[in-house]
Each structure stands twice: as structure tokens, then as C-alpha cells.
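Student: Have a peek at work-v3.txt (compact mmCIF, C-alpha atoms and all ligand atoms).
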# COMPACT_ATOMS: atom_id res chain seq x y z
CA MET A 1 -86.17 113.36 -68.34
CA THR A 2 -82.72 112.64 -69.72
CA ALA A 3 -81.35 116.18 -69.95
CA GLN A 4 -79.31 117.69 -67.14
CA LEU A 5 -81.10 120.65 -65.62
CA ILE A 6 -79.25 123.97 -65.60
CA ASN A 7 -80.47 125.43 -62.32
CA GLY A 8 -80.42 129.19 -62.72
CA LYS A 9 -81.76 129.79 -59.25
CA ASP A 10 -78.82 128.01 -57.60
CA ILE A 11 -76.22 129.56 -59.91
CA ALA A 12 -77.70 133.03 -59.33
CA ALA A 13 -77.61 132.45 -55.55
CA LYS A 14 -73.93 131.46 -55.75
CA LYS A 15 -73.09 134.56 -57.82
CA ARG A 16 -74.99 136.80 -55.39
CA VAL A 17 -72.90 135.53 -52.47
CA GLU A 18 -69.75 136.48 -54.44
CA ILE A 19 -71.19 139.91 -55.29
CA ALA A 20 -72.18 140.57 -51.66
CA LYS A 21 -68.59 139.84 -50.57
CA GLU A 22 -67.20 142.29 -53.16
CA VAL A 23 -69.72 144.91 -52.00
CA GLN A 24 -68.37 144.61 -48.44
CA ILE A 25 -64.80 145.07 -49.71
CA LEU A 26 -65.82 148.20 -51.63
CA LYS A 27 -67.63 149.54 -48.58
CA GLY A 28 -64.35 149.13 -46.71
CA ASN A 29 -62.91 151.49 -49.33
CA GLY A 30 -65.67 154.00 -48.63
CA ILE A 31 -67.88 153.22 -51.62
CA THR A 32 -71.37 151.75 -51.44
CA PRO A 33 -72.62 150.74 -54.90
CA GLY A 34 -75.82 152.66 -55.72
CA LEU A 35 -78.43 151.82 -58.33
CA ALA A 36 -81.06 154.34 -59.43
CA VAL A 37 -84.18 152.93 -61.06
CA ILE A 38 -86.61 155.20 -62.87
CA LEU A 39 -90.16 153.95 -63.24
CA VAL A 40 -92.51 155.87 -65.50
CA GLY A 41 -96.25 155.20 -65.15
CA ASN A 42 -98.22 152.38 -63.62
CA ASN A 43 -97.39 149.21 -65.55
CA ASP A 44 -97.92 146.34 -63.07
CA ALA A 45 -95.23 144.07 -64.57
CA SER A 46 -92.73 146.96 -64.49
CA LYS A 47 -93.58 147.67 -60.86
CA THR A 48 -92.84 144.04 -59.96
CA TYR A 49 -89.50 144.08 -61.85
CA VAL A 50 -88.52 147.32 -60.12
CA ARG A 51 -89.46 145.96 -56.68
CA ASN A 52 -87.34 142.86 -57.31
CA LYS A 53 -84.37 145.02 -58.27
CA GLU A 54 -84.71 147.10 -55.09
CA LYS A 55 -84.93 143.91 -53.02
CA ALA A 56 -81.82 142.47 -54.66
CA CYS A 57 -79.89 145.69 -53.91
CA GLN A 58 -80.89 145.52 -50.25
CA GLU A 59 -79.94 141.84 -49.96
CA LEU A 60 -76.48 142.50 -51.39
CA GLY A 61 -75.79 145.58 -49.26
CA MET A 62 -76.12 148.08 -52.13
CA ASN A 63 -78.06 151.35 -52.10
CA SER A 64 -81.11 151.67 -54.29
CA LEU A 65 -82.97 154.79 -55.26
CA LEU A 66 -86.40 154.50 -56.85
CA ILE A 67 -87.67 157.46 -58.83
CA GLU A 68 -91.33 157.21 -59.81
CA LEU A 69 -92.61 159.55 -62.51
CA ALA A 70 -96.17 160.00 -63.73
CA ASN A 71 -97.20 158.39 -67.01
CA GLY A 72 -97.58 161.83 -68.61
CA VAL A 73 -94.15 163.15 -67.54
CA PRO A 74 -92.67 165.33 -70.29
CA GLU A 75 -89.72 163.69 -72.06
CA GLN A 76 -87.51 166.66 -71.18
CA GLU A 77 -88.19 166.18 -67.48
CA LEU A 78 -87.16 162.53 -67.66
CA LEU A 79 -83.97 163.41 -69.55
CA ALA A 80 -83.15 166.11 -66.98
CA LYS A 81 -83.57 163.56 -64.17
CA ILE A 82 -81.15 161.21 -65.93
CA GLU A 83 -78.59 164.04 -66.34
CA GLU A 84 -78.90 164.75 -62.63
CA LEU A 85 -78.17 161.08 -61.81
CA ASN A 86 -75.26 161.06 -64.29
CA ASP A 87 -73.66 163.77 -62.12
CA ASP A 88 -74.46 162.14 -58.76
CA PRO A 89 -71.33 160.43 -57.34
CA ALA A 90 -73.45 158.19 -55.04
CA ILE A 91 -75.14 156.61 -58.07
CA HIS A 92 -73.14 154.03 -60.06
CA GLY A 93 -75.91 152.50 -62.14
CA ILE A 94 -78.95 154.06 -63.83
CA LEU A 95 -81.76 151.98 -65.18
CA VAL A 96 -84.91 153.26 -66.84
CA GLN A 97 -87.53 150.53 -66.72
CA LEU A 98 -88.92 149.75 -70.18
CA PRO A 99 -91.39 149.96 -71.83
CA LEU A 100 -91.91 153.73 -71.76
CA PRO A 101 -95.10 155.62 -72.70
CA ASP A 102 -95.47 156.35 -76.44
CA HIS A 103 -94.67 160.07 -76.18
CA ILE A 104 -91.14 159.30 -74.91
CA ASP A 105 -88.36 158.36 -77.33
CA GLU A 106 -86.74 155.24 -75.86
CA ARG A 107 -83.54 155.70 -77.89
CA LYS A 108 -83.08 159.26 -76.63
CA VAL A 109 -83.53 158.07 -73.06
CA ILE A 110 -80.99 155.25 -73.41
CA GLU A 111 -78.47 157.57 -75.06
CA THR A 112 -78.82 160.16 -72.29
CA ILE A 113 -77.64 157.67 -69.65
CA SER A 114 -73.88 158.02 -69.17
CA PRO A 115 -72.16 154.96 -70.73
CA LEU A 116 -70.22 154.77 -67.44
CA LYS A 117 -73.49 154.16 -65.54
CA ASP A 118 -75.34 152.16 -68.20
CA VAL A 119 -75.67 148.97 -66.15
CA ASP A 120 -78.34 147.59 -68.49
CA GLY A 121 -75.74 147.61 -71.29
CA PHE A 122 -78.17 149.18 -73.80
CA HIS A 123 -76.19 152.34 -74.69
CA PRO A 124 -74.76 152.22 -78.24
CA ILE A 125 -71.27 152.87 -76.81
CA ASN A 126 -71.47 149.78 -74.63
CA ILE A 127 -72.95 147.75 -77.50
CA GLY A 128 -70.10 148.87 -79.76
CA ARG A 129 -67.53 148.09 -77.09
CA MET A 130 -69.05 144.65 -76.60
CA MET A 131 -68.94 144.03 -80.37
CA THR A 132 -65.28 144.95 -80.55
CA GLY A 133 -64.38 142.89 -77.48
CA GLN A 134 -63.54 145.86 -75.23
CA ASN A 135 -64.40 146.36 -71.57
CA ALA A 136 -68.15 147.11 -71.49
CA PHE A 137 -71.29 146.71 -69.47
CA LEU A 138 -72.81 143.58 -70.99
CA PRO A 139 -76.61 143.39 -71.29
CA CYS A 140 -77.89 141.44 -68.29
CA THR A 141 -79.93 138.59 -69.80
CA PRO A 142 -77.34 137.65 -72.47
CA TYR A 143 -74.55 137.96 -69.89
CA GLY A 144 -76.52 135.75 -67.50
CA ILE A 145 -76.82 133.06 -70.19
CA MET A 146 -73.04 133.00 -70.69
CA VAL A 147 -72.50 132.71 -66.92
CA LEU A 148 -75.00 129.82 -66.72
CA LEU A 149 -73.04 127.91 -69.39
CA ASP A 150 -69.70 128.69 -67.81
CA GLU A 151 -70.85 127.62 -64.34
CA THR A 152 -72.24 124.38 -65.82
CA GLY A 153 -68.90 123.65 -67.48
CA ILE A 154 -70.26 123.83 -71.03
CA THR A 155 -67.59 124.88 -73.52
CA VAL A 156 -68.68 127.40 -76.12
CA GLU A 157 -65.60 127.59 -78.34
CA GLY A 158 -66.10 125.84 -81.68
CA LYS A 159 -69.77 125.07 -80.98
CA HIS A 160 -72.53 125.81 -83.45
CA VAL A 161 -75.01 128.08 -81.69
CA VAL A 162 -78.42 128.84 -83.17
CA ILE A 163 -80.22 131.84 -81.71
CA VAL A 164 -83.96 132.02 -82.33
CA GLY A 165 -84.95 135.70 -81.99
CA ARG A 166 -83.07 138.88 -82.87
CA SER A 167 -84.26 141.50 -80.38
CA ASN A 168 -81.84 144.23 -79.29
CA ILE A 169 -82.02 143.14 -75.66
CA VAL A 170 -81.63 139.36 -76.01
CA GLY A 171 -81.16 137.72 -79.42
CA LYS A 172 -78.64 140.05 -81.08
CA PRO A 173 -76.35 140.63 -78.08
CA VAL A 174 -76.30 137.00 -76.93
CA GLY A 175 -75.18 135.95 -80.41
CA GLN A 176 -72.35 138.49 -80.17
CA LEU A 177 -71.25 137.13 -76.78
CA PHE A 178 -71.13 133.61 -78.24
CA LEU A 179 -69.09 134.91 -81.17
CA ASN A 180 -66.71 136.65 -78.75
CA GLN A 181 -66.13 133.20 -77.23
CA ASN A 182 -65.33 131.67 -80.63
CA ALA A 183 -68.63 129.93 -81.35
CA THR A 184 -70.12 129.72 -84.84
CA VAL A 185 -73.38 131.63 -84.66
CA THR A 186 -76.56 131.43 -86.74
CA TYR A 187 -79.39 133.91 -86.13
CA CYS A 188 -82.97 132.85 -86.89
CA HIS A 189 -86.02 135.11 -86.69
CA SER A 190 -89.60 135.53 -87.85
CA LYS A 191 -88.57 135.67 -91.53
CA THR A 192 -86.32 132.59 -91.39
CA LYS A 193 -87.35 129.90 -93.85
CA ASP A 194 -87.33 126.34 -92.50
CA LEU A 195 -86.32 127.08 -88.90
CA LYS A 196 -85.87 123.40 -88.05
CA LEU A 197 -83.23 123.00 -90.75
CA HIS A 198 -81.05 125.38 -88.71
CA THR A 199 -81.96 124.48 -85.15
CA ARG A 200 -81.45 120.74 -85.76
CA GLN A 201 -77.79 121.40 -86.56
CA ALA A 202 -77.16 123.31 -83.35
CA ASP A 203 -74.99 122.20 -80.46
CA ILE A 204 -76.59 125.01 -78.45
CA VAL A 205 -80.05 126.48 -79.11
CA VAL A 206 -81.12 129.75 -77.50
CA ALA A 207 -84.87 130.39 -77.70
CA ALA A 208 -85.81 134.08 -77.28
CA VAL A 209 -89.06 134.29 -79.19
CA GLY A 210 -91.86 135.01 -76.71
CA ILE A 211 -94.19 132.23 -77.93
CA PRO A 212 -95.16 129.49 -75.43
CA ASN A 213 -93.91 125.97 -76.30
CA PHE A 214 -92.55 127.14 -79.66
CA ILE A 215 -89.44 124.93 -79.69
CA THR A 216 -90.36 121.24 -79.75
CA ALA A 217 -88.27 118.06 -79.69
CA ASP A 218 -88.41 118.08 -83.47
CA HIS A 219 -86.38 121.32 -83.53
CA ILE A 220 -83.31 119.97 -81.77
CA LYS A 221 -80.67 117.33 -82.21
CA GLU A 222 -80.03 114.62 -79.63
CA GLY A 223 -77.87 115.89 -76.74
CA ALA A 224 -78.07 119.62 -77.61
CA VAL A 225 -77.91 122.34 -74.98
CA VAL A 226 -81.21 124.22 -74.86
CA ILE A 227 -81.46 127.66 -73.27
CA ASP A 228 -85.00 128.95 -72.82
CA VAL A 229 -85.20 132.73 -72.40
CA GLY A 230 -88.98 132.99 -72.84
CA ILE A 231 -91.21 134.23 -70.04
CA ASN A 232 -94.77 133.62 -71.17
CA ARG A 233 -98.14 132.61 -69.82
CA ASN A 234 -99.80 129.54 -71.31
CA GLU A 235 -103.55 129.22 -71.90
CA ALA A 236 -104.05 128.20 -68.27
CA GLY A 237 -102.23 131.35 -67.14
CA LYS A 238 -99.20 129.36 -65.94
CA LEU A 239 -95.67 130.72 -66.40
CA CYS A 240 -93.86 128.95 -69.24
CA GLY A 241 -90.95 129.40 -71.59
CA ASP A 242 -90.54 129.21 -75.37
CA VAL A 243 -89.49 125.55 -75.17
CA LYS A 244 -91.86 122.58 -74.85
CA PHE A 245 -90.04 121.39 -71.76
CA ASP A 246 -91.56 117.93 -71.30
CA GLU A 247 -90.55 116.62 -74.71
CA VAL A 248 -87.37 118.63 -75.31
CA SER A 249 -85.93 117.56 -71.94
CA GLU A 250 -86.16 113.92 -73.14
CA LYS A 251 -83.88 114.67 -76.07
CA ALA A 252 -81.57 117.51 -74.97
CA GLY A 253 -78.28 117.06 -73.11
CA PHE A 254 -78.80 120.17 -70.96
CA ILE A 255 -81.83 122.41 -70.52
CA THR A 256 -82.85 125.50 -68.54
CA PRO A 257 -86.29 125.36 -66.88
CA VAL A 258 -88.80 128.22 -66.72
CA PRO A 259 -89.02 129.51 -64.03
CA LYS A 260 -85.65 129.12 -62.24
CA GLY A 261 -83.56 129.14 -65.41
CA VAL A 262 -82.39 132.28 -67.20
CA GLY A 263 -84.76 134.57 -65.24
CA PRO A 264 -82.86 134.73 -61.91
CA MET A 265 -79.62 135.50 -63.76
CA THR A 266 -80.89 138.77 -65.25
CA ILE A 267 -81.17 140.70 -61.97
CA THR A 268 -78.00 139.03 -60.70
CA MET A 269 -75.99 140.40 -63.63
CA LEU A 270 -77.58 143.82 -63.10
CA MET A 271 -76.23 143.71 -59.55
CA TYR A 272 -72.86 142.59 -60.89
CA ASN A 273 -72.77 145.48 -63.38
CA THR A 274 -73.61 147.97 -60.62
CA LEU A 275 -70.80 146.58 -58.48
CA LYS A 276 -68.42 146.77 -61.48
CA SER A 277 -69.40 150.39 -62.10
CA ALA A 278 -68.81 151.30 -58.45
CA ALA A 279 -65.43 149.53 -58.46
CA GLU A 280 -64.40 151.31 -61.68
CA SER A 281 -65.43 154.67 -60.22
CA LEU A 282 -62.43 154.29 -57.88
CA ASN A 283 -60.14 154.71 -60.90
CA GLN A 284 -61.97 157.63 -62.57
P1 LIG B 301 -89.10 140.35 -78.94
O1 LIG B 301 -90.58 140.23 -79.10
O2 LIG B 301 -88.46 141.67 -78.94
O3 LIG B 301 -88.38 139.45 -80.04
C1 LIG B 301 -88.88 138.20 -80.41
C2 LIG B 301 -88.04 137.66 -81.54
O4 LIG B 301 -88.59 136.41 -81.93
C3 LIG B 301 -88.02 138.56 -82.77
O5 LIG B 301 -86.68 138.87 -83.09
C4 LIG B 301 -88.68 137.73 -83.88
O6 LIG B 301 -88.01 137.85 -85.12
C5 LIG B 301 -88.54 136.31 -83.34
N1 LIG B 301 -89.66 135.50 -83.80
C6 LIG B 301 -90.99 135.77 -83.72
N2 LIG B 301 -91.71 134.79 -84.31
C7 LIG B 301 -90.82 133.89 -84.78
C8 LIG B 301 -90.94 132.68 -85.51
N3 LIG B 301 -92.13 132.21 -85.87
N4 LIG B 301 -89.80 132.03 -85.84
C9 LIG B 301 -88.59 132.49 -85.49
N5 LIG B 301 -88.42 133.65 -84.80
C10 LIG B 301 -89.52 134.33 -84.46
O7 LIG B 301 -88.78 139.55 -77.59
P2 LIG B 301 -87.56 139.62 -76.55
O8 LIG B 301 -87.64 140.90 -75.83
O9 LIG B 301 -86.28 139.19 -77.17
O10 LIG B 301 -88.04 138.49 -75.54
C11 LIG B 301 -88.21 137.14 -75.95
C12 LIG B 301 -88.75 136.33 -74.80
O11 LIG B 301 -87.81 136.38 -73.73
C13 LIG B 301 -90.05 136.87 -74.19
O12 LIG B 301 -90.82 135.79 -73.72
C14 LIG B 301 -89.57 137.71 -73.02
O13 LIG B 301 -90.55 137.82 -71.99
C15 LIG B 301 -88.40 136.90 -72.56
N6 LIG B 301 -87.37 137.65 -71.83
C16 LIG B 301 -86.88 137.07 -70.72
C17 LIG B 301 -85.88 137.70 -70.01
C18 LIG B 301 -85.34 137.03 -68.78
O14 LIG B 301 -84.80 137.69 -67.91
N7 LIG B 301 -85.43 135.70 -68.70
C19 LIG B 301 -85.38 138.93 -70.43
C20 LIG B 301 -85.86 139.48 -71.60
C21 LIG B 301 -86.86 138.82 -72.30
Would you encode the structure as C-alpha cells?
Ligand code: NAD
Tutor:
Amino acid sequence: MTAQLINGKDIAAKKRVEIAKEVQILKGNGITPGLAVILVGNNDASKTYVRNKEKACQELGMNSLLIELANGVPEQELLAKIEELNDDPAIHGILVQLPLPDHIDERKVIETISPLKDVDGFHPINIGRMMTGQNAFLPCTPYGIMVLLDETGITVEGKHVVIVGRSNIVGKPVGQLFLNQNATVTYCHSKTKDLKLHTRQADIVVAAVGIPNFITADHIKEGAVVIDVGINRNEAGKLCGDVKFDEVSEKAGFITPVPKGVGPMTITMLMYNTLKSAAESLNQ
């Protein structure tokens, strides 16, 4: 392997130490950051994500409140619960674990969360604020990617960044964060013609597609930075990313592994956003 590994696990651990210190300072000011997580139904993957978020809160000295609702909960009941949390001064962050059952309108749910407690950064107000470069809660996975690059000493300004994937939670916002840092950004997606034509020009490639081993050595130029957001299972059931690691790591300059790459940063930035919300509540 010639590429330098970007170790998300170590960078996340370093950030968590910093967050834990800030939590103690806030506690000294009488505020304990509190995150409320709402889980609807019995999705096993969602249960694991929620458990990991609770664990992270405990490790960092924050309060966590888990609210479990039945799969058939009426939409109105869920919205009422969110309103209640919006008004609760002990709660600084509200997260509704996605996906939601079909009878619940995801947009309505996201828009009911107060933008001041929207630590996932999914509310249109926070997205608009991010787009216009104002203070905002940044979506956790894209934010984590920017922190990984910063901590590795990779300059973004002036770089050509090609994002593969345009989802609302990863592809679109991460492109915006690169633009905010003066990169030149190209978005590619399922309707892009000749993907390689674009990715081969990139100084930085972000793969957020959800297809195992989709990005091969042929997609990238020598020395490029390759960020793999994918969390997939290969045919053998093993966790893998969107990037064919073995061959791309022989050609790239920097690469994130899966696991221990982008993944650990997502919850870390959620913790950071909850801390930020608690700190800002001092001034409200
Ligand atoms: P998504 O399914 O919402 O979006 C996938 C995107 O890939 C779409 O925009 C689509 O246009 C694009 N795409 C599909 N086929 C393509 C093709 N042939 N060529 C080019 N583009 C193509 O997925 P998502 O929610 O953005 O997640 C992407 C991956 O990242 C998944 O594996 C997911 O599990 C993972 N993920 C990881 C984290 C993390 O914390 N590391 C967080 C969120 C998502």
C-alpha cells in the first residue's frame, strides 16, 4: 500500500477527548448537554445506531434520553413528542432515527424539530444557513469528513473535489462544505455519463454511493485523496466501503479505510453538535 491511511478511529478519539473536556467546563456552569433520541419501531440497524449514540453520550459525560415508540405510532403523537422536547430546557439536541415507517412523513418530522436543537443538521433552516455560510448545525457525516481532512493536514482550498452521490444526508451537503472552503466541486450521480472522466480529474474523491467496491483504481488519478463513506456488506457478509481498497490504496495519496474511517466521525460530530447547542443555550 502506498497511500497514507486516514485513521478515523484515532481522529474521532482525539476529538472526543476535547469534547469531554468542554462538557466538564459547561457542567461547571450548571449545564449538562442532553441528547434525546427517538426510535420508532424495531429496525435492528437503527437500534444499534441508537445504542451507540447513548454510549457515546455516557462516555463524554452528557445526558441521553431514549424514547422508544411503537412502529404503528400515529404521526401526530410523534410530532407532539418532538414539540415537548423542543420546550424541555434539559434537552439540547433532538434526533429522530431514520428511516421512519411509511405512514410517517419524514419531512414533517424533521421540520418539527426546533432548528436550535437540530443536531443532525437536517432542518431546512440549518441547511440554508450552511449554504449561506452562517452559523449552523452541520450534518454529522459531511462535517466529520471535513474534520478528517483538516486533522490530516490536507488543504481543501483550490482543490478539485468530485463527489460521487447526491443524497441529502451525505453527497449534497459535503459538496457544499467543500465549496465553503473554496474548493471546486463536481457532483456525480446515477445519471452521470462517463463517471471516470470526472473522477480521474479529482484531487479529492468522495464516494457516497452505497455499492461495494464501486470505485476502482481506474477511477482515480495518482496521488488523489480518497474518502470512502460507504458502509456495505460484501457477498461474504463482511463490512466494506464503496472503494476497492486493495487496488485504490496502491494509487491514492491518502485513503480512509472501512471500518475505522468516516464511520467513527459521524457520532463524534453528533456529540460535538449537542455540546455546541448546550453552549449556545447559555446565550439564549
Ligand atoms: P443514497 O442511497 O441515499 O444515495 C446514493 C447516491 O449514489 C445517489 O445520489 C445516487 O445518485 C448515487 N449513485 C447510485 N448509483 C450510482 C452510479 N452507478 N454512479 C454514480 N452514482 C451513483 O445513499 P447515502 O445515504 O448517501 O449513503 C451512501 C453510502 O454511505 C451508503 O453505503 C451508506 O450506508 C453510507 N453512509 C455512511 C455514513 C457514515 O457514517 N459513514 C453515513 C451515511 C451513509
Student: Find the residues around Thr141 in chain A up to 10 Å (all atoms listed in the file counted), leave out those fewer than 3 positions away in its own chain, and share them as an mmCIF file with C-alpha atoms, keeping the file's coordinate frame.
Tutor:
data_model
loop_
_atom_site.group_PDB
_atom_site.id
_atom_site.type_symbol
_atom_site.label_atom_id
_atom_site.label_comp_id
_atom_site.auth_asym_id
_atom_site.auth_seq_id
_atom_site.Cartn_x
_atom_site.Cartn_y
_atom_site.Cartn_z
ATOM 1 C CA ASP A 120 -78.340 147.590 -68.490
ATOM 2 C CA LEU A 138 -72.810 143.580 -70.990
ATOM 3 C CA GLY A 144 -76.520 135.750 -67.500
ATOM 4 C CA ILE A 145 -76.820 133.060 -70.190
ATOM 5 C CA MET A 146 -73.040 133.000 -70.690
ATOM 6 C CA VAL A 147 -72.500 132.710 -66.920
ATOM 7 C CA ILE A 169 -82.020 143.140 -75.660
ATOM 8 C CA VAL A 170 -81.630 139.360 -76.010
ATOM 9 C CA GLY A 171 -81.160 137.720 -79.420
ATOM 10 C CA PRO A 173 -76.350 140.630 -78.080
ATOM 11 C CA VAL A 174 -76.300 137.000 -76.930
ATOM 12 C CA VAL A 229 -85.200 132.730 -72.400
ATOM 13 C CA VAL A 262 -82.390 132.280 -67.200
ATOM 14 C CA GLY A 263 -84.760 134.570 -65.240
ATOM 15 C CA PRO A 264 -82.860 134.730 -61.910
ATOM 16 C CA MET A 265 -79.620 135.500 -63.760
ATOM 17 C CA THR A 266 -80.890 138.770 -65.250
ATOM 18 C CA ILE A 267 -81.170 140.700 -61.970
ATOM 19 C CA THR A 268 -78.000 139.030 -60.700
ATOM 20 C CA MET A 269 -75.990 140.400 -63.630
ATOM 21 C CA LEU A 270 -77.580 143.820 -63.100
#
Student: Measuring between all atoms listed in the file, which one of A:Thr155, A:Thr32, A:Thr274, A:Asn234 shows the shortest distance to Gln181 in chain A?
Tutor: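 When distances to Gln181 in chain A are compared using all atoms listed in the file, the smallest one comes from A:Thr155.
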Student: Would you list the contacts of Glu59 in chain A as a PyMOL selection string, taking every protein, DNA or RNA residue within 9 Å and counting only C-alpha atoms, but skipping same-chain residues closer than 4 positions in sequence?
Tutor: chain A and resi 16+20+54-55
Student: Given 4 Å of margin on each side, can you work out the centre and size in Å (one decimal) of an axis-aligned box holding every listed atom of range 216-230 of chain A, as JSON?
Tutor:
{"center_x": -84.1, "center_y": 123.8, "center_z": -78.0, "size_x": 20.5, "size_y": 26.4, "size_z": 19.1}
Student: Quick one: residues within 8 Å of Ala278 in chain A, all atoms listed in the file, excluding same-chain residues fewer than 2 positions away - as an MDAnalysis selection string?
Tutor: chainID A and resid 31:34 92 274:276 280:282
Student: Residues contacting ligand LIG 301 (chain B) - anything with an atom at most 9 Å away, using all atoms listed in the file - can you give me those as a ChimeraX atom specification?
Tutor: /A:140-142,144,163-172,188-193,195,207-212,214,228-233,240-242,258-259,261-267
Student: Using all atoms listed in the file, can you tell me which of A:Gln76, A:Asn7, A:Thr186, A:Gln284 comes closest to Leu116 in chain A?
Tutor: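 Nearest candidate to Leu116 in chain A out of A:Gln76, A:Asn7, A:Thr186, A:Gln284: A:Gln284.
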Student: Using Å and a single decimal, report how far CA of Leu148 in chain A sits from CA of Ala12 in chain A.
Tutor: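 CA of Leu148 in chain A lies at a distance of 8.5 Å from CA of Ala12 in chain A.
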Student: List as a list in words the residues having at least one atom at most 8 Å from position (-81.4, 119.1, -76.6) as given in the file, counting only C-alpha atoms.
Tutor: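 Result, sorted by chain then residue number: Ala3, Ile204, Val205, Ala217, Ile220, Lys221, Glu222, Gly223, Ala224, Val225, Val226, Val248, Ser249, Glu250, Lys251, Ala252, Gly253, Phe254 and Ile255 of chain A.
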Student: Tell me which of A:Lys108, A:His160, A:His198, A:Lys14 sits closest to Glu75 in chain A, counting all atoms listed in the file.
Tutor: A:Lys108
Student: Interatomic distance between CA of Ala56 in chain A and CA of Glu151 in chain A?
Tutor: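 Spanning CA of Ala56 in chain A to CA of Glu151 in chain A is a straight-line distance of 20.8 Å.
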Student: Report, in Å with one decimal, the straight-line distance from CA of Val185 in chain A to CA of Asp150 in chain A.
Tutor: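 So the answer is 17.5 Å.
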Student: Using only C-alpha atoms for the distances, tell me which of A:Leu60, A:Lys244, A:Arg51, A:His103 is nearest to Pro74 in chain A.
Tutor: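 Between A:Leu60, A:Lys244, A:Arg51, A:His103, the residue approaching Pro74 in chain A most closely is A:His103.
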Student: Ranking A:Gln134, A:Ser46, A:Asn126, A:Asn180 by minimum distance to Val96 in chain A and counting all atoms listed in the file, which one comes first?
Tutor: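 Among A:Gln134, A:Ser46, A:Asn126, A:Asn180, it is A:Ser46 that comes nearest to Val96 in chain A.
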Student: Counting all atoms listed in the file, figure out which residue out of A:Ile11, A:Cys57, A:Ile94, A:Val109 gets nearest to Glu77 in chain A.
Tutor: A:Val109
Student: Set the distance at 10 Å and use all atoms listed in the file: which residues neighbour Pro115 in chain A once local chain neighbours fewer than 3 positions away are removed? I'd like the list as a ChimeraX atom specification.
Tutor: /A:86,93-94,110-112,118-127,136-137
Student: Skip Ala36 in chain A itself and residues of its chain fewer than 6 positions away, then list as a list in words all residues within 8 Å of it, counting all atoms listed in the file.
Tutor: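 Counting all atoms listed in the file, the residues come to Ser64, Leu65, Leu66, Ile67, Leu85, Ile91, His92, Gly93, Ile94 and Leu95 of chain A.
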